[in-house]
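Here is the file work_3.cif (mmCIF, C-alpha atoms, pLDDT in the B column; chains and numbers go by the auth columns).
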data_target
#
loop_
_atom_site.group_PDB
_atom_site.id
_atom_site.type_symbol
_atom_site.label_atom_id
_atom_site.label_comp_id
_atom_site.label_asym_id
_atom_site.label_seq_id
_atom_site.Cartn_x
_atom_site.Cartn_y
_atom_site.Cartn_z
_atom_site.B_iso_or_equiv
_atom_site.auth_seq_id
_atom_site.auth_asym_id
ATOM 1 C CA MET A 1 164.274 203.962 49.177 82.00 1 A
ATOM 2 C CA SER A 2 160.608 204.000 50.118 88.00 2 A
ATOM 3 C CA ARG A 3 157.991 206.384 48.766 86.00 3 A
ATOM 4 C CA GLU A 4 157.725 208.012 52.198 91.00 4 A
ATOM 5 C CA GLN A 5 161.478 208.678 52.294 92.00 5 A
ATOM 6 C CA VAL A 6 161.380 210.290 48.852 89.00 6 A
ATOM 7 C CA LEU A 7 158.422 212.481 49.795 88.00 7 A
ATOM 8 C CA ALA A 8 160.115 213.558 53.037 92.00 8 A
ATOM 9 C CA ARG A 9 163.271 214.630 51.175 93.00 9 A
ATOM 10 C CA GLN A 10 161.400 216.559 48.427 90.00 10 A
ATOM 11 C CA PRO A 11 163.959 215.916 45.644 91.00 11 A
ATOM 12 C CA GLN A 12 164.424 218.281 42.716 92.00 12 A
ATOM 13 C CA ALA A 13 164.897 215.382 40.279 90.00 13 A
ATOM 14 C CA ILE A 14 164.649 211.608 40.134 87.00 14 A
ATOM 15 C CA VAL A 15 166.999 209.482 38.019 88.00 15 A
ATOM 16 C CA VAL A 16 165.620 206.217 36.635 86.00 16 A
ATOM 17 C CA THR A 17 167.486 203.491 34.766 85.00 17 A
ATOM 18 C CA GLY A 18 166.321 202.387 31.357 80.00 18 A
ATOM 19 C CA ASP A 19 165.070 204.209 28.301 75.00 19 A
ATOM 20 C CA ALA A 20 162.767 207.188 27.906 73.00 20 A
ATOM 21 C CA SER A 21 159.668 205.007 28.369 79.00 21 A
ATOM 22 C CA ARG A 22 160.672 204.629 32.017 78.00 22 A
ATOM 23 C CA ILE A 23 160.177 208.374 32.451 80.00 23 A
ATOM 24 C CA ALA A 24 156.493 208.018 31.546 86.00 24 A
ATOM 25 C CA GLU A 25 156.103 205.205 34.096 88.00 25 A
ATOM 26 C CA ALA A 26 157.798 207.236 36.818 86.00 26 A
ATOM 27 C CA GLN A 27 155.707 210.322 35.976 86.00 27 A
ATOM 28 C CA ARG A 28 152.506 208.312 36.379 89.00 28 A
ATOM 29 C CA PHE A 29 153.765 206.921 39.690 88.00 29 A
ATOM 30 C CA TRP A 30 154.779 210.297 41.178 86.00 30 A
ATOM 31 C CA GLN A 31 152.395 212.705 39.426 84.00 31 A
ATOM 32 C CA HIS A 32 150.108 213.269 42.411 87.00 32 A
ATOM 33 C CA GLN A 33 152.870 213.526 45.034 88.00 33 A
ATOM 34 C CA LEU A 34 155.728 215.429 43.368 86.00 34 A
ATOM 35 C CA THR A 35 156.267 217.871 40.516 85.00 35 A
ATOM 36 C CA ILE A 36 159.904 217.263 39.581 86.00 36 A
ATOM 37 C CA SER A 37 162.259 216.540 36.697 88.00 37 A
ATOM 38 C CA LEU A 38 162.832 212.928 35.728 86.00 38 A
ATOM 39 C CA ILE A 39 166.038 211.744 34.060 85.00 39 A
ATOM 40 C CA ALA A 40 166.472 208.356 32.348 83.00 40 A
ATOM 41 C CA LEU A 41 169.965 206.834 32.164 85.00 41 A
ATOM 42 C CA HIS A 42 170.621 204.025 29.691 79.00 42 A
ATOM 43 C CA SER A 43 172.725 201.170 31.041 72.00 43 A
ATOM 44 C CA ASP A 44 174.745 201.335 27.789 72.00 44 A
ATOM 45 C CA TRP A 45 176.150 204.686 28.909 68.00 45 A
ATOM 46 C CA PHE A 46 178.242 203.050 31.637 61.00 46 A
#
Mind turning this structure into structure tokens?
Amino acid sequence: MSREQVLARQPQAIVVTGDASRIAEAQRFWQHQLTISLIALHSDWF
């Protein structure tokens, strides 16, 4: 999904794969466009 598609849909949360450090990366990426919750899912959980 492109950045433009995400911005158009205005999500309430974004789920990222990986550990908690991925949340910090995603927050830096989206911080100026969206104010939302970010959830990290570990691949070990599946």
Give me, as a CSV table (one decimal) with C-alpha atoms, in the frame of the given file, all polymer residues having an atom no more than 10 Å from Thr35 of chain A, counting all atoms listed in the file and skipping those fewer than 4 positions away in the same chain.
chain,number,residue,atom,x,y,z
A,10,GLN,CA,161.4,216.6,48.4
A,11,PRO,CA,164.0,215.9,45.6
A,12,GLN,CA,164.4,218.3,42.7
A,13,ALA,CA,164.9,215.4,40.3
A,27,GLN,CA,155.7,210.3,36.0
A,30,TRP,CA,154.8,210.3,41.2
A,31,GLN,CA,152.4,212.7,39.4
Next item on the list: Spell out the residues picked by the PyMOL selection byres ((chain A and resi 14) around 12) here, as an NGL selection string.
Entry: :A and (1 or 6-7 or 9-13 or 15-17 or 22-23 or 26-27 or 29-30 or 34-41)
Could you work out an axis-aligned bounding box for all listed atoms of segment 10-21 of chain A, with 3 Å added on each of the six sides, and give its centre and edge lengths in Å to one decimal, as AutoDock Vina command-line options?
--center_x 163.6 --center_y 210.3 --center_z 38.2 --size_x 13.8 --size_y 21.9 --size_z 26.5
Next item on the list: Would you please work out which residue, of A:Ser2, A:Ala24, A:Gly18, A:Ala8, is nearest to Ser43 of chain A when using all atoms listed in the file?
Entry: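 Comparing A:Ser2, A:Ala24, A:Gly18, A:Ala8 against Ser43 of chain A, the winner is A:Gly18.
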Using the atoms already present, construct N, CA and C atoms for segment 6-17 of chain A and hand them back as a short mmCIF file (atom, residue, chain, number, x, y, z; two decimals), in the frame of the given file.
data_model
loop_
_atom_site.label_atom_id
_atom_site.label_comp_id
_atom_site.auth_asym_id
_atom_site.auth_seq_id
_atom_site.Cartn_x
_atom_site.Cartn_y
_atom_site.Cartn_z
N VAL A 6 161.25 209.36 49.98
CA VAL A 6 161.38 210.29 48.85
C VAL A 6 160.54 211.53 49.11
N LEU A 7 159.31 211.34 49.54
CA LEU A 7 158.42 212.48 49.80
C LEU A 7 158.96 213.37 50.90
N ALA A 8 159.56 212.78 51.93
CA ALA A 8 160.12 213.56 53.04
C ALA A 8 161.30 214.40 52.59
N ARG A 9 162.07 213.90 51.64
CA ARG A 9 163.27 214.63 51.18
C ARG A 9 162.97 215.68 50.11
N GLN A 10 161.80 215.60 49.47
CA GLN A 10 161.40 216.56 48.43
C GLN A 10 162.51 216.80 47.39
N PRO A 11 162.87 215.77 46.62
CA PRO A 11 163.96 215.92 45.64
C PRO A 11 163.60 216.89 44.52
N GLN A 12 164.62 217.40 43.87
CA GLN A 12 164.42 218.28 42.72
C GLN A 12 164.39 217.48 41.42
N ALA A 13 164.90 216.25 41.46
CA ALA A 13 164.90 215.38 40.28
C ALA A 13 164.98 213.93 40.74
N ILE A 14 164.52 213.04 39.89
CA ILE A 14 164.65 211.61 40.13
C ILE A 14 165.30 211.01 38.90
N VAL A 15 166.30 210.17 39.10
CA VAL A 15 167.00 209.48 38.02
C VAL A 15 166.51 208.04 37.99
N VAL A 16 166.07 207.59 36.81
CA VAL A 16 165.62 206.22 36.64
C VAL A 16 166.52 205.54 35.61
N THR A 17 166.70 204.23 35.74
CA THR A 17 167.49 203.49 34.77
C THR A 17 166.57 202.97 33.68
#
